[in-house]
>>> print(open('my_file.txt').read())   # compact mmCIF, C-alpha atoms
# COMPACT_ATOMS: atom_id res chain seq x y z
CA MET A 5 147.71 141.02 110.45
CA HIS A 6 144.67 141.73 108.33
CA TYR A 7 144.56 143.04 104.76
CA HIS A 8 145.46 146.68 104.17
CA SER A 9 146.02 148.92 101.14
CA GLU A 10 147.73 152.30 100.71
CA GLY A 11 148.17 154.55 97.68
CA LYS A 12 147.51 153.64 94.06
CA ILE A 13 147.35 150.01 92.90
CA PRO A 14 145.97 148.37 89.74
CA GLN A 15 142.62 146.59 89.78
CA LYS A 16 144.29 143.20 89.29
CA ARG A 17 147.72 142.04 90.47
CA HIS A 18 150.50 141.11 88.01
CA THR A 19 148.97 143.20 85.22
CA GLN A 20 150.11 146.33 83.40
CA PHE A 21 150.17 149.39 85.66
CA ARG A 22 151.57 152.45 83.91
CA GLN A 23 152.95 155.79 85.06
CA PRO A 24 151.64 159.06 83.61
CA ASN A 25 154.56 159.03 81.11
CA GLY A 26 153.53 155.59 79.86
CA THR A 27 156.29 153.50 81.44
CA LEU A 28 155.39 150.59 83.70
CA TYR A 29 155.56 150.82 87.46
CA SER A 30 157.86 148.16 88.93
CA GLU A 31 155.80 145.55 90.79
CA GLU A 32 157.53 143.89 93.77
CA LEU A 33 156.00 140.94 95.60
CA PHE A 34 157.35 140.79 99.15
CA SER A 35 156.72 137.48 100.90
CA THR A 36 158.04 135.50 103.86
CA GLU A 37 158.69 131.75 104.06
CA GLY A 38 158.85 131.54 100.28
CA PHE A 39 155.46 132.02 98.64
CA HIS A 40 153.72 130.17 101.46
CA ASP A 41 153.12 132.83 104.13
CA LYS A 42 151.76 136.38 104.21
CA TYR A 43 152.83 138.83 101.51
CA SER A 44 152.36 142.33 100.14
CA ILE A 45 152.73 143.74 96.63
CA LEU A 46 154.46 147.12 96.25
CA TYR A 47 154.55 149.34 93.16
CA HIS A 48 157.74 151.38 92.60
CA ILE A 49 158.44 154.22 90.22
CA ASN A 50 161.88 152.68 89.60
CA PRO A 51 163.17 149.09 89.75
CA PRO A 52 164.16 148.23 93.37
CA THR A 53 167.21 146.29 92.16
CA ARG A 54 169.71 148.90 90.89
CA ILE A 55 172.75 148.44 93.14
CA THR A 56 175.76 150.71 92.61
CA GLN A 57 178.14 149.37 95.28
CA VAL A 58 178.50 146.56 97.86
CA GLY A 59 180.98 146.89 100.74
CA ASP A 60 182.64 144.34 102.99
CA PRO A 61 180.33 142.89 105.66
CA ILE A 62 180.67 143.69 109.35
CA ASP A 63 180.26 140.80 111.81
CA VAL A 64 177.53 141.63 114.35
CA ALA A 65 176.91 138.12 115.72
CA PRO A 66 176.38 138.06 119.50
CA VAL A 67 179.07 136.27 121.49
CA LYS A 68 178.25 134.10 124.48
CA ALA A 69 179.97 135.38 127.63
CA SER A 70 179.52 132.42 129.99
CA ASN A 71 178.52 128.76 130.13
CA LYS A 72 176.86 129.20 133.54
CA GLU A 73 173.28 129.50 132.31
CA LEU A 74 171.38 127.94 135.23
CA LYS A 75 171.30 130.98 137.49
CA HIS A 76 168.80 133.77 138.16
CA ARG A 77 170.06 137.03 136.67
CA CYS A 78 169.27 140.72 136.95
CA LEU A 79 170.49 143.37 134.51
CA ASN A 80 170.34 147.12 135.13
CA GLY A 81 169.26 148.14 131.65
CA PHE A 82 169.53 151.90 132.09
CA LYS A 83 173.28 151.45 132.68
CA VAL A 84 173.66 150.92 128.93
CA ALA A 85 175.34 154.14 127.85
CA PRO A 86 173.72 156.40 125.23
CA VAL A 87 175.32 156.19 121.76
CA ASP A 88 174.94 158.63 118.89
CA ASP A 89 174.10 156.17 116.10
CA TYR A 90 170.98 153.98 116.13
CA LEU A 91 172.61 150.77 114.87
CA GLU A 92 175.67 151.15 117.07
CA SER A 93 173.44 151.74 120.09
CA ARG A 94 171.81 148.30 119.80
CA LYS A 95 173.51 146.08 122.41
CA VAL A 96 172.48 142.42 122.42
CA VAL A 97 172.25 141.23 126.04
CA LEU A 98 170.42 137.89 125.69
CA PHE A 99 170.13 135.54 122.71
CA ASN A 100 169.56 132.05 121.37
CA ASN A 101 168.93 130.60 117.92
CA ASP A 102 165.37 131.98 117.90
CA CYS A 103 165.79 135.51 119.18
CA ARG A 104 168.00 138.44 120.08
CA MET A 105 167.15 140.83 122.90
CA SER A 106 168.89 144.19 122.73
CA LEU A 107 168.92 147.35 124.79
CA ALA A 108 169.51 150.64 123.03
CA ALA A 109 169.86 154.29 124.04
CA PRO A 110 170.29 156.06 120.68
CA LYS A 111 170.79 159.82 120.64
CA THR A 112 170.05 160.00 116.91
CA GLY A 113 168.44 157.79 114.31
CA THR A 114 169.45 156.82 110.79
CA LYS A 115 169.45 160.12 108.93
CA ASP A 116 172.31 159.21 106.60
CA TYR A 117 171.38 155.60 105.78
CA TYR A 118 168.59 153.06 105.50
CA PHE A 119 168.40 149.79 107.42
CA LYS A 120 166.96 146.41 106.45
CA ASN A 121 166.94 143.43 108.80
CA ALA A 122 166.83 140.46 106.43
CA ASP A 123 167.44 138.00 109.29
CA CYS A 124 164.62 138.76 111.69
CA ASP A 125 161.30 140.39 112.42
CA GLU A 126 161.77 143.16 114.99
CA VAL A 127 159.65 144.40 117.87
CA ILE A 128 160.98 147.78 119.02
CA PHE A 129 159.47 148.66 122.39
CA ILE A 130 159.64 152.39 123.09
CA HIS A 131 160.45 152.85 126.78
CA LYS A 132 161.55 156.47 126.50
CA GLY A 133 161.33 158.85 123.59
CA SER A 134 159.21 159.51 120.54
CA GLY A 135 159.77 159.93 116.85
CA THR A 136 159.02 158.63 113.37
CA LEU A 137 159.64 155.37 111.56
CA GLN A 138 159.79 155.94 107.80
CA THR A 139 159.48 152.78 105.71
CA ASN A 140 158.85 151.66 102.16
CA TYR A 141 155.25 151.04 103.32
CA GLY A 142 154.81 154.52 104.77
CA ILE A 143 155.26 156.49 107.99
CA LEU A 144 154.54 155.50 111.59
CA LYS A 145 154.76 157.93 114.52
CA PHE A 146 155.72 156.29 117.82
CA SER A 147 155.87 157.29 121.48
CA TYR A 148 156.21 155.87 125.02
CA GLY A 149 154.72 152.40 125.38
CA ASP A 150 154.52 151.56 121.68
CA TYR A 151 155.44 148.19 120.26
CA VAL A 152 156.75 149.00 116.78
CA VAL A 153 156.50 145.74 114.83
CA VAL A 154 158.80 145.65 111.80
CA PRO A 155 158.60 142.53 109.59
CA ARG A 156 161.86 141.20 108.19
CA GLY A 157 162.97 142.86 104.99
CA THR A 158 161.29 146.18 105.72
CA ILE A 159 163.47 149.11 104.66
CA TYR A 160 163.36 151.85 107.27
CA GLN A 161 164.80 155.00 108.72
CA ILE A 162 164.13 155.83 112.37
CA ASN A 163 164.32 159.39 113.72
CA PHE A 164 163.84 160.62 117.28
CA ASP A 165 162.43 163.90 118.59
CA THR A 166 165.10 164.23 121.32
CA GLU A 167 168.35 162.56 122.38
CA ASP A 168 166.77 160.90 125.45
CA ASN A 169 165.64 157.51 124.16
CA ARG A 170 165.49 154.00 125.63
CA LEU A 171 164.48 150.96 123.57
CA LEU A 172 164.03 147.24 124.11
CA ILE A 173 164.47 145.48 120.76
CA VAL A 174 163.41 141.85 120.32
CA GLU A 175 164.40 140.12 117.07
CA SER A 176 162.79 136.87 115.93
CA THR A 177 164.10 134.46 113.30
CA ALA A 178 160.47 133.34 112.77
CA PRO A 179 157.56 135.62 111.84
CA ILE A 180 155.98 137.55 114.72
CA THR A 181 152.19 137.20 114.79
CA THR A 182 149.25 137.68 117.10
CA PRO A 183 148.37 134.49 119.04
CA GLN A 184 146.31 132.01 117.02
CA ARG A 185 143.79 131.56 119.86
CA TYR A 186 142.85 135.24 119.52
CA ARG A 187 141.92 134.86 115.83
CA SER A 188 138.95 133.31 114.08
CA GLU A 189 139.29 131.00 111.09
CA TYR A 190 138.94 134.15 108.97
CA GLY A 191 141.86 135.89 110.72
CA GLN A 192 139.74 138.39 112.63
CA LEU A 193 140.68 139.13 116.23
CA MET A 194 137.91 137.60 118.32
CA GLU A 195 135.81 139.01 121.14
CA HIS A 196 137.93 137.40 123.86
CA SER A 197 141.15 138.92 122.47
CA PRO A 198 142.72 141.58 124.74
CA PHE A 199 142.99 143.93 121.74
CA CYS A 200 141.37 144.34 118.33
CA GLU A 201 142.05 145.73 114.87
CA ARG A 202 141.08 149.24 115.97
CA ASP A 203 144.14 149.25 118.25
CA ILE A 204 146.54 148.56 115.36
CA VAL A 205 148.17 151.69 113.87
CA LYS A 206 149.08 151.18 110.24
CA PRO A 207 151.58 153.16 108.14
CA THR A 208 150.45 156.18 106.14
CA LEU A 209 151.94 156.35 102.65
CA PRO A 210 153.23 159.84 101.70
CA GLU A 211 154.00 161.08 98.21
CA PRO A 212 156.66 158.87 96.57
CA ILE A 213 160.22 160.15 96.31
CA ASP A 214 161.59 159.81 92.77
CA GLU A 215 165.28 160.58 93.20
CA ARG A 216 168.56 159.14 91.97
CA GLY A 217 171.82 159.20 93.90
CA ASN A 218 173.94 156.94 96.08
CA PHE A 219 171.54 155.82 98.80
CA LYS A 220 173.42 154.06 101.58
CA PHE A 221 171.96 150.91 103.13
CA PHE A 222 172.96 148.54 105.90
CA ILE A 223 171.42 145.10 105.34
CA LYS A 224 171.63 142.53 108.15
CA LYS A 225 171.85 138.92 106.95
CA LYS A 226 173.29 135.87 108.72
CA ASP A 227 174.51 138.08 111.58
CA LYS A 228 176.53 140.27 109.22
CA LEU A 229 175.88 143.89 108.34
CA TYR A 230 176.36 144.51 104.61
CA PRO A 231 176.97 148.08 103.35
CA TYR A 232 175.09 148.66 100.10
CA GLU A 233 174.48 151.63 97.84
CA TYR A 234 171.43 151.87 95.58
CA LEU A 235 170.83 154.17 92.64
CA ASP A 236 167.16 154.91 93.44
CA HIS A 237 165.49 156.27 96.54
CA PRO A 238 163.84 153.33 98.38
CA PHE A 239 160.68 155.29 99.23
CA ASP A 240 159.47 155.58 95.63
CA VAL A 241 156.40 153.40 96.30
CA VAL A 242 153.14 154.76 94.85
CA GLY A 243 150.95 152.08 96.40
CA TRP A 244 150.83 148.64 98.01
CA ASP A 245 148.44 146.10 99.45
CA GLY A 246 148.62 142.88 101.44
CA TYR A 247 149.21 141.45 104.88
CA HIS A 248 152.95 142.08 105.29
CA TYR A 249 153.65 145.56 106.70
CA PRO A 250 154.97 147.35 109.80
CA TYR A 251 152.54 148.55 112.44
CA ILE A 252 152.28 149.89 115.99
CA PHE A 253 150.41 148.49 118.94
CA SER A 254 150.57 150.41 122.23
CA ILE A 255 150.98 148.47 125.47
CA HIS A 256 148.50 151.00 126.92
CA ASN A 257 145.80 149.52 124.65
CA PHE A 258 146.23 145.98 125.98
CA GLU A 259 143.09 145.07 127.92
CA PRO A 260 144.04 142.81 130.86
CA ILE A 261 142.21 139.55 131.50
CA THR A 262 141.49 139.03 135.20
CA GLY A 263 139.64 136.45 137.29
CA ARG A 264 138.50 135.43 140.77
CA VAL A 265 141.90 133.81 141.42
CA HIS A 266 145.37 134.51 140.04
CA GLN A 267 145.51 134.06 136.27
CA PRO A 268 148.48 132.33 134.57
CA PRO A 269 150.97 134.30 132.44
CA PRO A 270 149.43 133.30 129.05
CA VAL A 271 146.54 135.74 129.70
CA HIS A 272 149.10 138.51 129.19
CA GLN A 273 150.31 137.22 125.81
CA THR A 274 150.52 139.84 123.07
CA PHE A 275 152.70 138.34 120.32
CA ASP A 276 153.56 134.83 119.21
CA THR A 277 156.47 133.20 117.38
CA LYS A 278 157.74 129.64 116.92
CA GLY A 279 160.53 130.20 119.44
CA PHE A 280 159.09 132.52 122.08
CA VAL A 281 156.15 134.66 123.18
CA ILE A 282 155.89 138.31 124.22
CA CYS A 283 153.50 139.30 127.02
CA SER A 284 152.31 142.66 128.39
CA PHE A 285 151.80 143.28 132.11
CA VAL A 286 149.61 146.36 132.44
CA PRO A 287 147.63 148.20 135.17
CA ARG A 288 144.73 145.97 136.23
CA LEU A 289 142.42 144.99 139.06
CA TYR A 290 143.52 142.09 141.22
CA ASP A 291 141.65 138.83 141.79
CA TYR A 292 138.30 139.08 143.56
CA HIS A 293 137.88 135.72 145.32
CA PRO A 294 137.46 136.46 149.07
CA LEU A 295 140.57 134.36 149.83
CA SER A 296 142.58 135.32 146.74
CA ILE A 297 146.33 135.92 146.81
CA PRO A 298 147.20 138.56 144.18
CA ALA A 299 150.91 137.74 144.20
CA PRO A 300 151.91 135.01 141.74
CA TYR A 301 152.60 131.54 143.07
CA PHE A 302 156.09 130.04 142.96
CA HIS A 303 156.62 128.26 139.68
CA SER A 304 159.22 126.28 137.77
CA ASN A 305 159.65 127.12 134.10
CA ILE A 306 161.02 123.70 133.22
CA ASP A 307 160.80 124.20 129.47
CA SER A 308 161.30 127.94 129.04
CA ASP A 309 163.41 130.89 130.14
CA GLU A 310 161.46 133.86 131.50
CA VAL A 311 162.66 137.41 130.88
CA LEU A 312 160.86 140.35 132.46
CA TYR A 313 161.64 143.92 131.39
CA TYR A 314 160.37 146.44 133.95
CA VAL A 315 158.92 149.58 132.42
CA ASP A 316 157.10 151.53 135.11
CA GLY A 317 155.06 151.34 138.33
CA ASP A 318 155.36 149.28 141.52
CA PHE A 319 155.68 145.50 141.36
CA MET A 320 154.05 143.66 144.23
CA SER A 321 156.04 140.45 143.70
CA ARG A 322 159.55 141.97 143.51
CA LYS A 323 161.67 144.24 145.68
CA HIS A 324 164.09 146.96 144.59
CA VAL A 325 162.69 147.23 141.07
CA GLU A 326 164.01 150.01 138.83
CA GLN A 327 162.99 151.21 135.36
CA GLY A 328 164.80 149.35 132.62
CA MET A 329 165.71 146.41 134.86
CA ILE A 330 165.71 142.94 133.28
CA THR A 331 165.33 139.70 135.23
CA LEU A 332 166.16 136.33 133.71
CA HIS A 333 164.71 133.25 135.41
CA PRO A 334 166.02 130.21 133.50
CA GLY A 335 164.08 127.02 132.95
CA GLY A 336 164.85 124.23 135.39
CA ILE A 337 164.77 126.05 138.74
CA PRO A 338 161.80 127.64 140.54
CA HIS A 339 161.25 131.33 141.08
CA GLY A 340 158.49 133.51 142.43
CA PRO A 341 157.68 136.39 144.78
CA HIS A 342 160.32 137.87 147.01
CA PRO A 343 160.03 137.28 150.80
CA GLY A 344 157.16 139.19 152.41
CA THR A 345 155.45 140.14 149.16
CA ILE A 346 152.84 137.35 149.27
CA GLU A 347 151.33 138.45 152.59
CA LYS A 348 151.68 142.08 151.60
CA SER A 349 149.66 141.53 148.42
CA ILE A 350 146.60 140.14 150.23
CA GLY A 351 143.80 142.69 150.28
CA ALA A 352 145.33 144.85 147.55
CA LYS A 353 142.81 145.92 144.91
CA GLY A 354 144.98 146.57 141.88
CA THR A 355 148.37 147.36 140.39
CA GLU A 356 149.85 150.08 138.20
CA GLU A 357 152.77 147.94 137.03
CA LEU A 358 153.94 148.02 133.42
CA ALA A 359 156.31 145.38 132.06
CA VAL A 360 157.21 143.37 128.97
CA MET A 361 157.82 139.64 129.34
CA VAL A 362 159.60 137.37 126.86
CA ASP A 363 159.36 133.60 127.42
CA THR A 364 161.70 131.56 125.22
CA PHE A 365 161.44 127.83 124.55
CA SER A 366 165.22 127.38 124.29
CA PRO A 367 167.85 128.52 126.83
CA LEU A 368 169.17 132.07 126.59
CA PHE A 369 172.82 133.09 126.65
CA MET A 370 174.27 136.29 128.09
CA THR A 371 176.72 138.53 126.25
CA LYS A 372 179.60 140.63 127.58
CA ASP A 373 177.34 143.69 127.40
CA ALA A 374 174.92 141.87 129.72
CA VAL A 375 177.66 140.89 132.16
CA SER A 376 178.79 144.53 132.40
CA ILE A 377 175.37 145.63 133.73
CA GLU A 378 174.54 142.58 135.86
CA ASP A 379 173.75 142.63 139.58
CA PRO A 380 175.76 139.51 140.55
CA SER A 381 174.00 139.08 143.90
CA TYR A 382 170.46 138.88 142.50
CA TYR A 383 170.19 135.11 142.88
CA LYS A 384 170.39 135.63 146.68
CA SER A 385 167.46 138.09 146.74
CA TRP A 386 165.04 135.40 148.00
CA LEU A 387 167.09 135.26 151.24
CA ASP A 388 166.15 138.84 152.24
>>> encode(input="my_file.txt", output="structure tokens")
Amino acid sequence: MHYHSEGKIPQKRHTQFRQPNGTLYSEELFSTEGFHDKYSILYHINPPTRITQVGDPIDVAPVKASNKELKHRCLNGFKVAPVDDYLESRKVVLFNNDCRMSLAAPKTGTKDYYFKNADCDEVIFIHKGSGTLQTNYGILKFSYGDYVVVPRGTIYQINFDTEDNRLLIVESTAPITTPQRYRSEYGQLMEHSPFCERDIVKPTLPEPIDERGNFKFFIKKKDKLYPYEYLDHPFDVVGWDGYHYPYIFSIHNFEPITGRVHQPPPVHQTFDTKGFVICSFVPRLYDYHPLSIPAPYFHSNIDSDEVLYYVDGDFMSRKHVEQGMITLHPGGIPHGPHPGTIEKSIGAKGTEELAVMVDTFSPLFMTKDAVSIEDPSYYKSWLD
């Protein structure tokens, strides 16, 4: 992301910056990949290091359910039962060494604790619900269709307006960025990019909270959840600046790239990582060549697994699609439109479909939670 600043900061970094009572603010440099990658500098009223208690870790590593990976899969995501607590509601369904894909239906957020994912960047896609993400960088208000991008190490609380919420959460062990081909050598999103800086919603920093107590944290590291208690309120930041911060991008602000003939999936790319990409399929006009076929051609993802999360609308290439459904088409075998959908698509002018696609460069594994919501007959759906 591009440079941003909130609140009060000194004119020069790593210099004296004093509070009204004369004491120094506590400067914290927050960086990823050592001191090599993007970073931000935050200024706290109190030191961010005063720990009062550390509990025993809880193992939250996903467990592979089957060794039969080479098979088309379909998961009925809305069958994941609602759970009161936000962290407990997160059910990993697909994973590899680069990513975790979870479904969640939390009734409530994290009112009594703070969460920090020190393993992964997170993209929280809001399928149903609205609410507020409160972080050490400030506040973000989210709603249907928002990608809430939370860089690793961000301290946050999430709160929902109602109990009816559905989330797709994608975790990445590598930083999540915008695709390099969208950015100039100066980092600016270029004219051919399907979105621009104006579409990025940044956090708003409220008044700092200067309180002492026993503030409960859950910190995720190496697939373990560590209970911590800190003496000082984590949202005591008076100002910050840099490139490392949470933000929101709405799928509704993605501008589709179309052409005379069917365009390949990379035109839908929204986010980039070392291990996978995230794409947005949004309402758009179909191809305009007089002999065009709007339906996608059959294709073999030899080197990647393709996951499609169906959000809303009608899908011209698939039958029997429901909201919250996930299809997994593994690398190595071809897939494509269901029978009859190719001819049916000819002459159509546009689509209202809405979906999130995740293409991984390493094979994905299913968990027991995935098996419990799977349609076992999906691989036969091309026989219809």
>>> residues_around(input="my_file.txt", residues="Ile143 in chain A", least_positions_apart="4", cutoff="10 Å", atoms="all atoms listed in the file", output="list in words")
Thr136, Leu137, Gln138, Thr139, Tyr160, Gln161, Ile162, Lys206, Pro207, Thr208, Leu209, Pro210, Pro250 and Tyr251 of chain A
>>> closest_residue(input="my_file.txt", among="A:Val271, A:Ile204, A:Ile350, A:Ile252", to="Arg185 in chain A", atoms="only C-alpha atoms")
A:Val271
>>> atom_distance(input="my_file.txt", atom1="CA of His342 in chain A", atom2="CA of Asp379 in chain A")
16.1 Å
>>> residues_around(input="my_file.txt", residues="range 258-269 of chain A", least_positions_apart="2", cutoff="6 Å", atoms="all atoms listed in the file", output="PyMOL selection string")
chain A and resi 198-199+255-256+271-272+291-293+296
>>> closest_residue(input="my_file.txt", among="A:Lys353, A:Tyr383, A:Glu31, A:Phe253", to="Arg202 in chain A", atoms="all atoms listed in the file")
A:Phe253
>>> closest_residue(input="my_file.txt", among="A:Ala69, A:Ala359, A:Leu235, A:Ala108", to="Arg54 in chain A", atoms="all atoms listed in the file")
A:Leu235
>>> residues_near_point(input="my_file.txt", point="(174.1, 153.8, 98.3)", cutoff="7 Å", atoms="all atoms listed in the file", output="list of chain:residue names")
A:Thr56, A:Gln57, A:Asn218, A:Phe219, A:Lys220, A:Phe221, A:Tyr232, A:Glu233, A:Tyr234, A:Leu235
